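Chemist: Next up, start29.pdb (PDB, C-alpha atoms).
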```pdb
MODEL        1
ATOM      1  CA  MET Q  28       0.000   0.000   0.000
ATOM      2  CA  PHE Q  29       1.197   3.540  -0.810
ATOM      3  CA  ASP Q  30      -0.009   7.055  -0.270
ATOM      4  CA  LEU Q  31      -0.369   9.277  -3.343
ATOM      5  CA  SER Q  32       3.143  10.755  -3.330
ATOM      6  CA  GLN Q  33       4.726   7.343  -2.721
ATOM      7  CA  LEU Q  34       2.779   5.823  -5.604
ATOM      8  CA  ALA Q  35       3.812   8.662  -7.917
ATOM      9  CA  ALA Q  36       7.446   8.198  -6.911
ATOM     10  CA  LYS Q  37       7.282   4.453  -7.579
ATOM     11  CA  ILE Q  38       5.841   5.006 -11.067
ATOM     12  CA  THR Q  39       8.446   7.666 -11.843
ATOM     13  CA  ALA Q  40      11.253   5.381 -10.700
ATOM     14  CA  SER Q  41       9.921   2.729 -13.096
ATOM     15  CA  GLY Q  42      10.450   5.023 -16.077
ATOM     16  CA  CYS Q  43       7.224   7.013 -16.444
ATOM     17  CA  PRO Q  44       7.600  10.570 -15.043
ATOM     18  CA  THR Q  45       4.669  11.315 -12.758
ATOM     19  CA  PHE Q  46       3.660  14.198 -10.505
ATOM     20  CA  ALA Q  47       1.139  14.075  -7.663
ATOM     21  CA  SER Q  48      -0.919  17.244  -7.404
ATOM     22  CA  ALA Q  49      -1.023  16.915  -3.608
ATOM     23  CA  ASP Q  50       1.469  15.629  -1.054
ATOM     24  CA  GLU Q  51      -1.169  13.252   0.249
ATOM     25  CA  GLY Q  52      -4.396  11.994  -1.256
ATOM     26  CA  PRO Q  53      -7.531  10.840   0.535
ATOM     27  CA  GLY Q  54      -5.872   7.656   1.790
ATOM     28  CA  GLU Q  55      -3.617   4.714   1.001
ATOM     29  CA  ILE Q  56      -3.770   3.033  -2.393
ATOM     30  CA  ALA Q  57      -3.760  -0.770  -2.423
ATOM     31  CA  ARG Q  58      -4.998  -1.837  -5.867
ATOM     32  CA  VAL Q  59      -5.810  -0.886  -9.463
ATOM     33  CA  SER Q  60      -9.389  -0.816 -10.675
ATOM     34  CA  ALA Q  61     -11.835  -0.066 -13.454
ATOM     35  CA  ILE Q  62     -13.492   3.300 -12.899
ATOM     36  CA  SER Q  63     -16.937   1.740 -12.514
ATOM     37  CA  LYS Q  64     -15.717  -0.464  -9.650
ATOM     38  CA  ALA Q  65     -13.311   1.931  -7.958
ATOM     39  CA  THR Q  66     -13.182   2.284  -4.194
ATOM     40  CA  PRO Q  67     -11.142   4.748  -2.072
ATOM     41  CA  ASP Q  68      -8.156   2.355  -1.986
ATOM     42  CA  ALA Q  69      -7.978   2.065  -5.795
ATOM     43  CA  VAL Q  70      -6.116   3.889  -8.569
ATOM     44  CA  VAL Q  71      -7.718   4.433 -11.994
ATOM     45  CA  PHE Q  72      -6.547   6.112 -15.197
ATOM     46  CA  ALA Q  73      -8.141   8.509 -17.687
ATOM     47  CA  SER Q  74      -6.735   9.319 -21.141
ATOM     48  CA  ASP Q  75      -9.583  11.504 -22.445
ATOM     49  CA  GLU Q  76     -12.072  14.073 -21.145
ATOM     50  CA  LYS Q  77     -15.066  11.718 -20.971
ATOM     51  CA  THR Q  78     -13.143   9.115 -18.974
ATOM     52  CA  LEU Q  79     -11.721  11.775 -16.669
ATOM     53  CA  GLU Q  80     -15.229  13.060 -15.917
ATOM     54  CA  ALA Q  81     -16.250   9.548 -14.903
ATOM     55  CA  ALA Q  82     -13.119   9.122 -12.795
ATOM     56  CA  LEU Q  83     -13.742  12.376 -10.922
ATOM     57  CA  LEU Q  84     -17.268  11.204 -10.084
ATOM     58  CA  SER Q  85     -15.998   7.825  -8.875
ATOM     59  CA  ALA Q  86     -14.812   6.861  -5.404
ATOM     60  CA  ALA Q  87     -11.253   6.212  -6.633
ATOM     61  CA  GLY Q  88      -8.461   7.289  -4.308
ATOM     62  CA  ALA Q  89      -6.042   8.165  -7.136
ATOM     63  CA  ILE Q  90      -6.576   9.243 -10.752
ATOM     64  CA  LEU Q  91      -3.780   9.048 -13.332
ATOM     65  CA  THR Q  92      -4.366  11.523 -16.154
ATOM     66  CA  LYS Q  93      -2.657  13.885 -18.617
ATOM     67  CA  PRO Q  94      -1.655  17.432 -17.596
ATOM     68  CA  ALA Q  95      -3.618  18.924 -20.516
ATOM     69  CA  LEU Q  96      -6.832  17.285 -19.327
ATOM     70  CA  ALA Q  97      -6.508  18.346 -15.682
ATOM     71  CA  ALA Q  98      -5.048  21.859 -16.085
ATOM     72  CA  ASP Q  99      -8.085  23.563 -14.546
ATOM     73  CA  ILE Q 100      -9.094  20.832 -12.101
ATOM     74  CA  SER Q 101      -8.305  20.964  -8.405
ATOM     75  CA  ASP Q 102      -8.638  17.473  -6.960
ATOM     76  CA  PRO Q 103      -6.151  16.013  -4.463
ATOM     77  CA  ARG Q 104      -6.533  12.567  -6.041
ATOM     78  CA  ILE Q 105      -5.010  13.538  -9.392
ATOM     79  CA  VAL Q 106      -1.595  12.279 -10.487
ATOM     80  CA  LEU Q 107      -0.286  13.846 -13.699
ATOM     81  CA  THR Q 108       1.601  11.905 -16.358
ATOM     82  CA  LYS Q 109       2.041  12.030 -20.141
ATOM     83  CA  ASP Q 110       1.061   8.368 -20.477
ATOM     84  CA  PRO Q 111      -1.722   7.392 -18.027
ATOM     85  CA  ARG Q 112      -2.084   3.876 -19.428
ATOM     86  CA  LEU Q 113       1.598   3.091 -18.954
ATOM     87  CA  ALA Q 114       1.597   4.703 -15.512
ATOM     88  CA  PHE Q 115      -1.439   2.581 -14.566
ATOM     89  CA  SER Q 116       0.328  -0.581 -15.745
ATOM     90  CA  LEU Q 117       3.424   0.292 -13.709
ATOM     91  CA  ALA Q 118       1.263   1.039 -10.675
ATOM     92  CA  ALA Q 119      -0.234  -2.437 -11.002
ATOM     93  CA  GLN Q 120       3.241  -3.973 -10.934
ATOM     94  CA  HIS Q 121       3.894  -2.321  -7.574
ATOM     95  CA  LEU Q 122       0.460  -2.903  -6.060
ATOM     96  CA  LEU Q 123      -0.536  -6.397  -7.135
ATOM     97  CA  ALA Q 124       0.342  -9.173  -4.750
ATOM     98  CA  PRO Q 125       3.321 -11.190  -6.013
ATOM     99  CA  ALA Q 126       2.704 -14.716  -7.240
ATOM    100  CA  ARG Q 127       3.266 -17.456  -4.699
ATOM    101  CA  THR Q 128       6.806 -18.711  -5.082
ATOM    102  CA  GLU Q 129       6.491 -22.441  -4.748
ATOM    103  CA  ILE Q 130       6.753 -25.647  -6.732
ATOM    104  CA  HIS Q 131       3.372 -27.381  -6.684
ATOM    105  CA  SER Q 132       3.421 -30.920  -5.370
ATOM    106  CA  SER Q 133       1.989 -32.287  -8.636
ATOM    107  CA  ALA Q 134       4.681 -30.687 -10.823
ATOM    108  CA  ALA Q 135       7.298 -33.049 -12.269
ATOM    109  CA  VAL Q 136      10.721 -31.396 -12.035
ATOM    110  CA  ASP Q 137      13.771 -33.364 -13.178
ATOM    111  CA  GLU Q 138      16.546 -33.539 -10.613
ATOM    112  CA  THR Q 139      19.015 -32.036 -13.105
ATOM    113  CA  ALA Q 140      16.913 -28.914 -13.687
ATOM    114  CA  VAL Q 141      18.266 -25.669 -12.225
ATOM    115  CA  ILE Q 142      15.551 -23.539 -10.607
ATOM    116  CA  GLY Q 143      16.317 -19.957  -9.565
ATOM    117  CA  LYS Q 144      15.070 -17.975  -6.589
ATOM    118  CA  ASP Q 145      11.436 -16.916  -6.144
ATOM    119  CA  VAL Q 146      10.169 -19.209  -8.922
ATOM    120  CA  SER Q 147       6.574 -20.411  -9.027
ATOM    121  CA  ILE Q 148       5.745 -23.683 -10.828
ATOM    122  CA  GLY Q 149       2.060 -24.574 -11.141
ATOM    123  CA  PRO Q 150       0.119 -27.822 -10.926
ATOM    124  CA  TYR Q 151       1.046 -30.630 -13.347
ATOM    125  CA  ALA Q 152       3.846 -28.673 -14.998
ATOM    126  CA  VAL Q 153       6.670 -30.782 -16.460
ATOM    127  CA  ILE Q 154      10.273 -29.552 -16.276
ATOM    128  CA  GLU Q 155      12.649 -31.922 -18.056
ATOM    129  CA  ALA Q 156      16.358 -32.614 -17.756
ATOM    130  CA  ARG Q 157      18.932 -29.805 -17.770
ATOM    131  CA  VAL Q 158      16.314 -27.074 -17.971
ATOM    132  CA  SER Q 159      17.402 -23.765 -16.422
ATOM    133  CA  ILE Q 160      14.803 -21.350 -15.023
ATOM    134  CA  GLY Q 161      15.961 -17.923 -13.873
ATOM    135  CA  ASP Q 162      14.980 -15.958 -10.773
ATOM    136  CA  GLY Q 163      11.420 -14.691 -10.442
ATOM    137  CA  CYS Q 164       9.873 -16.796 -13.226
ATOM    138  CA  VAL Q 165       6.229 -17.879 -13.105
ATOM    139  CA  ILE Q 166       5.424 -21.221 -14.747
ATOM    140  CA  GLY Q 167       1.691 -21.875 -15.082
ATOM    141  CA  PRO Q 168      -0.316 -25.080 -14.727
ATOM    142  CA  ARG Q 169       0.370 -27.875 -17.232
ATOM    143  CA  VAL Q 170       3.278 -26.067 -18.861
ATOM    144  CA  THR Q 171       5.839 -28.394 -20.454
ATOM    145  CA  ILE Q 172       9.461 -27.255 -20.647
ATOM    146  CA  LEU Q 173      11.493 -29.842 -22.513
ATOM    147  CA  ALA Q 174      15.144 -30.784 -22.017
ATOM    148  CA  ASP Q 175      17.922 -28.188 -22.277
ATOM    149  CA  THR Q 176      15.614 -25.164 -22.492
ATOM    150  CA  ILE Q 177      16.930 -22.010 -20.813
ATOM    151  CA  LEU Q 178      14.753 -19.256 -19.320
ATOM    152  CA  GLY Q 179      16.141 -15.938 -18.153
ATOM    153  CA  GLU Q 180      14.790 -13.978 -15.199
ATOM    154  CA  ARG Q 181      11.156 -12.916 -14.630
ATOM    155  CA  CYS Q 182       9.727 -14.915 -17.529
ATOM    156  CA  VAL Q 183       6.001 -15.737 -17.396
ATOM    157  CA  ILE Q 184       4.796 -18.922 -19.097
ATOM    158  CA  GLN Q 185       1.025 -19.340 -19.080
ATOM    159  CA  SER Q 186      -1.002 -22.530 -18.835
ATOM    160  CA  GLY Q 187      -0.476 -25.253 -21.396
ATOM    161  CA  ALA Q 188       2.495 -23.719 -23.206
ATOM    162  CA  VAL Q 189       5.144 -26.089 -24.577
ATOM    163  CA  LEU Q 190       8.746 -24.895 -24.785
ATOM    164  CA  GLY Q 191      11.566 -26.747 -26.508
ATOM    165  CA  SER Q 192       9.562 -29.243 -28.572
ATOM    166  CA  PHE Q 193      11.035 -30.887 -31.688
ATOM    167  CA  GLY Q 194      10.887 -28.765 -34.821
ATOM    168  CA  PHE Q 195       9.014 -29.828 -37.956
ATOM    169  CA  GLY Q 196      12.009 -30.758 -40.108
ATOM    170  CA  TYR Q 197      12.350 -33.893 -42.231
ATOM    171  CA  ALA Q 198      14.628 -35.305 -44.930
ATOM    172  CA  ARG Q 199      12.777 -36.926 -47.842
ATOM    173  CA  SER Q 200      14.073 -40.004 -49.637
ATOM    174  CA  ALA Q 201      13.709 -40.792 -53.349
ATOM    175  CA  SER Q 202      10.766 -43.045 -52.485
ATOM    176  CA  GLY Q 203       8.973 -40.170 -50.758
ATOM    177  CA  ALA Q 204       9.496 -41.399 -47.187
ATOM    178  CA  TYR Q 205      10.278 -38.804 -44.517
ATOM    179  CA  THR Q 206      12.986 -39.093 -41.842
ATOM    180  CA  LEU Q 207      13.178 -36.644 -38.951
ATOM    181  CA  PHE Q 208      16.137 -34.295 -39.239
ATOM    182  CA  PRO Q 209      18.013 -34.119 -35.906
ATOM    183  CA  GLN Q 210      16.275 -31.771 -33.463
ATOM    184  CA  GLN Q 211      18.934 -31.536 -30.770
ATOM    185  CA  GLY Q 212      19.494 -27.808 -30.386
ATOM    186  CA  THR Q 213      18.300 -25.533 -27.595
ATOM    187  CA  LEU Q 214      15.648 -22.923 -26.878
ATOM    188  CA  ILE Q 215      16.644 -19.746 -25.040
ATOM    189  CA  LEU Q 216      14.212 -17.199 -23.617
ATOM    190  CA  GLU Q 217      15.910 -14.029 -22.443
ATOM    191  CA  ASP Q 218      14.797 -11.953 -19.426
ATOM    192  CA  ASP Q 219      11.184 -10.706 -19.114
ATOM    193  CA  VAL Q 220       9.742 -12.820 -21.936
ATOM    194  CA  GLU Q 221       6.069 -13.740 -21.584
ATOM    195  CA  VAL Q 222       4.452 -16.665 -23.401
ATOM    196  CA  GLY Q 223       0.671 -17.036 -23.612
ATOM    197  CA  ALA Q 224      -1.502 -20.064 -22.966
ATOM    198  CA  ASN Q 225      -1.138 -23.053 -25.304
ATOM    199  CA  SER Q 226       1.623 -21.448 -27.343
ATOM    200  CA  THR Q 227       4.489 -23.617 -28.601
ATOM    201  CA  ILE Q 228       8.116 -22.769 -29.332
ATOM    202  CA  ASP Q 229      10.427 -25.324 -30.934
ATOM    203  CA  ARG Q 230      14.062 -25.917 -30.025
ATOM    204  CA  GLY Q 231      16.758 -25.359 -32.632
ATOM    205  CA  ALA Q 232      17.575 -28.229 -34.961
ATOM    206  CA  LEU Q 233      21.351 -28.211 -34.463
ATOM    207  CA  GLU Q 234      21.848 -24.797 -32.840
ATOM    208  CA  GLU Q 235      19.279 -22.603 -31.041
ATOM    209  CA  THR Q 236      15.936 -20.872 -31.177
ATOM    210  CA  ARG Q 237      16.109 -17.557 -29.299
ATOM    211  CA  ILE Q 238      13.415 -15.207 -27.971
ATOM    212  CA  GLY Q 239      14.770 -11.751 -27.126
ATOM    213  CA  GLN Q 240      14.438  -9.773 -23.924
ATOM    214  CA  GLY Q 241      11.024  -8.332 -23.126
ATOM    215  CA  THR Q 242       9.172 -10.012 -26.002
ATOM    216  CA  LYS Q 243       5.483 -10.720 -25.379
ATOM    217  CA  ILE Q 244       3.803 -13.692 -27.049
ATOM    218  CA  ASP Q 245       0.013 -14.112 -27.016
ATOM    219  CA  ASN Q 246      -2.004 -17.329 -26.704
ATOM    220  CA  LEU Q 247      -1.972 -19.967 -29.478
ATOM    221  CA  VAL Q 248       1.212 -18.802 -31.195
ATOM    222  CA  HIS Q 249       3.688 -21.202 -32.822
ATOM    223  CA  ILE Q 250       7.362 -20.393 -33.392
ATOM    224  CA  GLY Q 251       9.357 -22.928 -35.393
ATOM    225  CA  HIS Q 252      12.884 -24.250 -34.948
ATOM    226  CA  ASN Q 253      15.940 -22.031 -35.452
ATOM    227  CA  CYS Q 254      13.875 -18.830 -35.333
ATOM    228  CA  ARG Q 255      15.376 -15.694 -33.852
ATOM    229  CA  ILE Q 256      12.886 -13.276 -32.319
ATOM    230  CA  GLY Q 257      14.355  -9.921 -31.263
ATOM    231  CA  LYS Q 258      13.863  -7.772 -28.191
ATOM    232  CA  HIS Q 259      10.505  -6.202 -27.250
ATOM    233  CA  VAL Q 260       8.609  -7.887 -30.077
ATOM    234  CA  VAL Q 261       4.822  -8.301 -29.712
ATOM    235  CA  ILE Q 262       3.186 -11.353 -31.332
ATOM    236  CA  ALA Q 263      -0.622 -11.680 -31.255
ATOM    237  CA  ALA Q 264      -2.715 -14.855 -31.140
ATOM    238  CA  GLN Q 265      -2.740 -17.537 -33.840
ATOM    239  CA  THR Q 266       0.438 -16.300 -35.475
ATOM    240  CA  GLY Q 267       2.684 -18.963 -36.997
ATOM    241  CA  ILE Q 268       6.374 -18.415 -37.733
ATOM    242  CA  SER Q 269       8.139 -21.027 -39.841
ATOM    243  CA  GLY Q 270      11.606 -22.349 -39.124
ATOM    244  CA  SER Q 271      14.771 -20.270 -39.462
ATOM    245  CA  SER Q 272      12.887 -16.969 -39.729
ATOM    246  CA  VAL Q 273      14.005 -13.745 -38.063
ATOM    247  CA  VAL Q 274      11.793 -11.108 -36.441
ATOM    248  CA  GLU Q 275      13.925  -8.151 -35.405
ATOM    249  CA  ASP Q 276      13.693  -5.811 -32.397
ATOM    250  CA  GLY Q 277      10.461  -3.920 -31.777
ATOM    251  CA  ALA Q 278       8.390  -5.552 -34.522
ATOM    252  CA  ILE Q 279       4.632  -5.965 -33.990
ATOM    253  CA  LEU Q 280       2.797  -8.979 -35.425
ATOM    254  CA  GLY Q 281      -0.995  -8.899 -35.467
ATOM    255  CA  GLY Q 282      -3.280 -11.887 -35.031
ATOM    256  CA  GLN Q 283      -3.142 -14.776 -37.515
ATOM    257  CA  VAL Q 284       0.042 -13.561 -39.181
ATOM    258  CA  GLY Q 285       1.808 -16.281 -41.163
ATOM    259  CA  ILE Q 286       5.537 -16.162 -41.887
ATOM    260  CA  GLY Q 287       7.246 -18.604 -44.261
ATOM    261  CA  GLU Q 288      10.614 -20.213 -43.621
ATOM    262  CA  LYS Q 289      13.837 -18.186 -43.671
ATOM    263  CA  ALA Q 290      11.935 -14.903 -43.901
ATOM    264  CA  THR Q 291      13.038 -11.677 -42.189
ATOM    265  CA  VAL Q 292      10.795  -9.066 -40.583
ATOM    266  CA  GLY Q 293      12.867  -5.973 -39.941
ATOM    267  CA  PRO Q 294      13.073  -3.863 -36.773
ATOM    268  CA  GLY Q 295       9.915  -1.930 -35.951
ATOM    269  CA  VAL Q 296       7.875  -3.424 -38.801
ATOM    270  CA  ILE Q 297       4.126  -3.700 -38.107
ATOM    271  CA  LEU Q 298       2.268  -6.648 -39.670
ATOM    272  CA  GLY Q 299      -1.510  -6.259 -39.654
ATOM    273  CA  GLY Q 300      -3.824  -9.104 -38.709
ATOM    274  CA  GLY Q 301      -3.826 -11.957 -41.206
ATOM    275  CA  ALA Q 302      -0.761 -10.707 -43.086
ATOM    276  CA  GLY Q 303       1.433 -13.266 -44.802
ATOM    277  CA  VAL Q 304       5.178 -13.147 -45.450
ATOM    278  CA  LEU Q 305       6.526 -15.468 -48.143
ATOM    279  CA  SER Q 306       9.498 -17.754 -47.526
ATOM    280  CA  ASN Q 307      12.884 -16.029 -47.929
ATOM    281  CA  LYS Q 308      11.175 -12.606 -48.141
ATOM    282  CA  LYS Q 309      12.677  -9.627 -46.292
ATOM    283  CA  LEU Q 310      10.418  -6.816 -45.053
ATOM    284  CA  TYR Q 311      11.974  -3.576 -43.808
ATOM    285  CA  GLY Q 312      10.516  -0.234 -42.744
ATOM    286  CA  ALA Q 313      10.446   0.800 -39.086
ATOM    287  CA  ASN Q 314       6.941   1.814 -37.972
ATOM    288  CA  GLN Q 315       5.579   0.983 -41.412
ATOM    289  CA  VAL Q 316       2.365  -1.078 -41.579
ATOM    290  CA  PHE Q 317       2.251  -4.073 -43.932
ATOM    291  CA  TRP Q 318      -0.972  -5.908 -44.741
ATOM    292  CA  GLY Q 319      -2.331  -8.640 -46.979
ATOM    293  CA  ARG Q 320      -1.056 -11.922 -48.405
ATOM    294  CA  PRO Q 321       1.665 -11.498 -49.482
ATOM    295  CA  ALA Q 322       2.265  -8.589 -47.106
ATOM    296  CA  GLN Q 323       2.794  -5.190 -48.713
ATOM    297  CA  PRO Q 324       2.766  -1.578 -47.504
ATOM    298  CA  LEU Q 325      -0.710  -0.634 -46.296
ATOM    299  CA  LYS Q 326      -1.287   2.141 -48.878
ATOM    300  CA  GLN Q 327      -0.403  -0.209 -51.702
ATOM    301  CA  TYR Q 328      -2.596  -2.954 -50.260
ATOM    302  CA  LEU Q 329      -5.604  -0.629 -49.991
ATOM    303  CA  ARG Q 330      -4.984   0.706 -53.499
ATOM    304  CA  ASP Q 331      -4.911  -2.821 -54.942
ATOM    305  CA  LEU Q 332      -8.028  -3.740 -52.976
ATOM    306  CA  ALA Q 333      -9.871  -0.729 -54.400
ATOM    307  CA  ARG Q 334      -8.909  -1.769 -57.957
ATOM    308  CA  LEU Q 335     -10.242  -5.289 -57.380
ATOM    309  CA  ARG Q 336     -13.565  -3.895 -56.189
ATOM    310  CA  LYS Q 337     -13.870  -1.756 -59.315
ATOM    311  CA  ASP Q 338     -13.193  -4.749 -61.546
TER     312      ASP Q 338
ENDMDL
END
```
Would you kindly transcribe this structure into structure tokens?
Modeler:
Amino acid sequence: MFDLSQLAAKITASGCPTFASADEGPGEIARVSAISKATPDAVVFASDEKTLEAALLSAAGAILTKPALAADISDPRIVLTKDPRLAFSLAAQHLLAPARTEIHSSAAVDETAVIGKDVSIGPYAVIEARVSIGDGCVIGPRVTILADTILGERCVIQSGAVLGSFGFGYARSASGAYTLFPQQGTLILEDDVEVGANSTIDRGALEETRIGQGTKIDNLVHIGHNCRIGKHVVIAAQTGISGSSVVEDGAILGGQVGIGEKATVGPGVILGGGAGVLSNKKLYGANQVFWGRPAQPLKQYLRDLARLRKD
């Protein structure tokens, strides 16, 4: 629990400059809340005038909002920040109760696995041989982490995810029969990676698959063997990334994106929902939106779509 000035200081220290309009608010803040359910121990956020009006009428004990919106408002509950949504998210990190740090009795953890400090492992999780899990990680129920997988610190793996499975790689004989190509590499998740429920990430075939620091992966995502995903990438649900592809730092992949093998998505590229990237294709353009199958710059995609409608 924090008073208003303490909460503002915590958010500022986390990288989002914040200023409390009063040294002390109405009381101590213990949780985050939706405006409609706010109580005096809750903090809410408002990014527009309509939402701020609702927040001011609520019972919330703290209101995170923009300076331009609150310039003429005198309310001891207000905390000013350029990015209320980010400030609210950081407040939640400080206020929410930490996950229980324990290994559930039903979890199967190999004796050769290395488990860091303050790690939580949920019911029926399976941690195989030589797995390494860094400090502060949270492993959800029924997660499977296969042999030789390495997790950095503070990773969150949600229920049902499978890490380090064999990749889909086969050698084909003259008769048409398929033989599995060796899948003996590793999977490495760097610090602060989050993996959603029922997502799967394959190990490398002979070397490694790597997920960069701070990357966030939604539910029902598949990442193939030998892929390299950069830092602070966001990947939405039902995306599939074929083997040996590269997604560079800061890229954003919408839902149901499909990426062929050995493709490259450059730093900061934004792929709209349902976009497709052909095998061996390279897409570059920081902060540029690509859409369609095959993916192309948004203006070009819309122009081509308009022509098809006319025809």
Chemist: Just so the selection is clear, what residues does the PyMOL selection byres ((chain Q and resi 306-308) around 12) cover here, as an NGL selection string?
Modeler: :Q and (268-274 or 285-293 or 303-305 or 309-311 or 321-323)
Chemist: Looking at Q:Ala36, Q:Arg104, Q:Thr171, Q:Ala49, which one is nearest to Ala86 of chain Q, with distances taken over all atoms listed in the file?
Modeler: Q:Arg104
Chemist: By how many Å are atom CA of Arg230 of chain Q and atom CA of Gln265 of chain Q apart?
Modeler: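 The value is 19.2 Å.
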Chemist: If you measure from atom CA of Val153 of chain Q to atom CA of Phe208 of chain Q, what distance in Å do you get, rounded to one decimal?
Modeler: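 That distance, rounded to one decimal, is 24.9 Å.
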Chemist: Would you work out the distance separating atom CA of Ser32 of chain Q from atom CA of Thr45 of chain Q, expressed in Å to one decimal?
Modeler: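 Spanning atom CA of Ser32 of chain Q to atom CA of Thr45 of chain Q is a straight-line distance of 9.6 Å.
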Chemist: Name the closest residue to Pro209 of chain Q among the candidates Q:Leu190, Q:Met28, Q:Cys164, Q:Leu233; distances are taken between atoms, counting all atoms listed in the file.
Modeler: Q:Leu233
Chemist: Identify all residues satisfying the PyMOL selection byres ((chain Q and resi 275) around 12) in the given file; provide them as number ranges by chain.
Modeler: Q: 237-240, 242, 254-262, 272-274, 276-280, 290-297, 309-313
Chemist: Would you compute the box with edges along x, y and z of the file around segment 162-165 of chain Q, including every atom the file lists for it and 5 Å extra on each side, and give its centre and edge lengths in Å to one decimal, as JSON?
Modeler:
```
{"center_x": 10.6, "center_y": -16.3, "center_z": -11.8, "size_x": 18.8, "size_y": 13.2, "size_z": 12.8}
```
Chemist: Could you add N, CA, C and O atoms to segment 319-332 of chain Q and give me the result as a PDB file, in the frame of the given file?
Modeler:
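This is the output file part-v2.pdb:
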```pdb
ATOM      1  N   GLY Q 319      -1.984  -7.791 -45.839  1.00  0.00           N
ATOM      2  CA  GLY Q 319      -2.331  -8.640 -46.979  1.00  0.00           C
ATOM      3  C   GLY Q 319      -1.451  -9.865 -47.107  1.00  0.00           C
ATOM      4  O   GLY Q 319      -0.511 -10.076 -46.357  1.00  0.00           O
ATOM      5  N   ARG Q 320      -1.794 -10.694 -48.110  1.00  0.00           N
ATOM      6  CA  ARG Q 320      -1.056 -11.922 -48.405  1.00  0.00           C
ATOM      7  C   ARG Q 320      -0.762 -11.970 -49.889  1.00  0.00           C
ATOM      8  O   ARG Q 320      -1.702 -12.140 -50.665  1.00  0.00           O
ATOM      9  N   PRO Q 321       0.489 -11.780 -50.306  1.00  0.00           N
ATOM     10  CA  PRO Q 321       1.665 -11.498 -49.482  1.00  0.00           C
ATOM     11  C   PRO Q 321       1.641 -10.080 -48.926  1.00  0.00           C
ATOM     12  O   PRO Q 321       1.041  -9.177 -49.521  1.00  0.00           O
ATOM     13  N   ALA Q 322       2.299  -9.887 -47.784  1.00  0.00           N
ATOM     14  CA  ALA Q 322       2.265  -8.589 -47.106  1.00  0.00           C
ATOM     15  C   ALA Q 322       2.915  -7.522 -47.975  1.00  0.00           C
ATOM     16  O   ALA Q 322       3.946  -7.738 -48.608  1.00  0.00           O
ATOM     17  N   GLN Q 323       2.290  -6.338 -47.981  1.00  0.00           N
ATOM     18  CA  GLN Q 323       2.794  -5.190 -48.713  1.00  0.00           C
ATOM     19  C   GLN Q 323       2.444  -3.928 -47.934  1.00  0.00           C
ATOM     20  O   GLN Q 323       1.588  -3.963 -47.047  1.00  0.00           O
ATOM     21  N   PRO Q 324       3.094  -2.810 -48.236  1.00  0.00           N
ATOM     22  CA  PRO Q 324       2.766  -1.578 -47.504  1.00  0.00           C
ATOM     23  C   PRO Q 324       1.270  -1.296 -47.545  1.00  0.00           C
ATOM     24  O   PRO Q 324       0.596  -1.526 -48.559  1.00  0.00           O
ATOM     25  N   LEU Q 325       0.738  -0.785 -46.446  1.00  0.00           N
ATOM     26  CA  LEU Q 325      -0.710  -0.634 -46.296  1.00  0.00           C
ATOM     27  C   LEU Q 325      -1.331   0.186 -47.423  1.00  0.00           C
ATOM     28  O   LEU Q 325      -2.379  -0.181 -47.961  1.00  0.00           O
ATOM     29  N   LYS Q 326      -0.711   1.310 -47.805  1.00  0.00           N
ATOM     30  CA  LYS Q 326      -1.287   2.141 -48.878  1.00  0.00           C
ATOM     31  C   LYS Q 326      -1.409   1.362 -50.184  1.00  0.00           C
ATOM     32  O   LYS Q 326      -2.414   1.452 -50.892  1.00  0.00           O
ATOM     33  N   GLN Q 327      -0.369   0.586 -50.480  1.00  0.00           N
ATOM     34  CA  GLN Q 327      -0.403  -0.209 -51.702  1.00  0.00           C
ATOM     35  C   GLN Q 327      -1.472  -1.288 -51.623  1.00  0.00           C
ATOM     36  O   GLN Q 327      -2.192  -1.545 -52.600  1.00  0.00           O
ATOM     37  N   TYR Q 328      -1.581  -1.921 -50.447  1.00  0.00           N
ATOM     38  CA  TYR Q 328      -2.596  -2.954 -50.260  1.00  0.00           C
ATOM     39  C   TYR Q 328      -4.001  -2.388 -50.450  1.00  0.00           C
ATOM     40  O   TYR Q 328      -4.839  -2.979 -51.148  1.00  0.00           O
ATOM     41  N   LEU Q 329      -4.276  -1.241 -49.864  1.00  0.00           N
ATOM     42  CA  LEU Q 329      -5.604  -0.629 -49.991  1.00  0.00           C
ATOM     43  C   LEU Q 329      -5.883  -0.186 -51.427  1.00  0.00           C
ATOM     44  O   LEU Q 329      -7.011  -0.287 -51.911  1.00  0.00           O
ATOM     45  N   ARG Q 330      -4.839   0.293 -52.105  1.00  0.00           N
ATOM     46  CA  ARG Q 330      -4.984   0.706 -53.499  1.00  0.00           C
ATOM     47  C   ARG Q 330      -5.332  -0.498 -54.377  1.00  0.00           C
ATOM     48  O   ARG Q 330      -6.236  -0.450 -55.215  1.00  0.00           O
ATOM     49  N   ASP Q 331      -4.630  -1.615 -54.167  1.00  0.00           N
ATOM     50  CA  ASP Q 331      -4.911  -2.821 -54.942  1.00  0.00           C
ATOM     51  C   ASP Q 331      -6.295  -3.366 -54.631  1.00  0.00           C
ATOM     52  O   ASP Q 331      -7.014  -3.862 -55.521  1.00  0.00           O
ATOM     53  N   LEU Q 332      -6.702  -3.267 -53.375  1.00  0.00           N
ATOM     54  CA  LEU Q 332      -8.028  -3.740 -52.976  1.00  0.00           C
ATOM     55  C   LEU Q 332      -9.118  -2.926 -53.667  1.00  0.00           C
ATOM     56  O   LEU Q 332     -10.133  -3.460 -54.124  1.00  0.00           O
TER      57      LEU Q 332
END
```
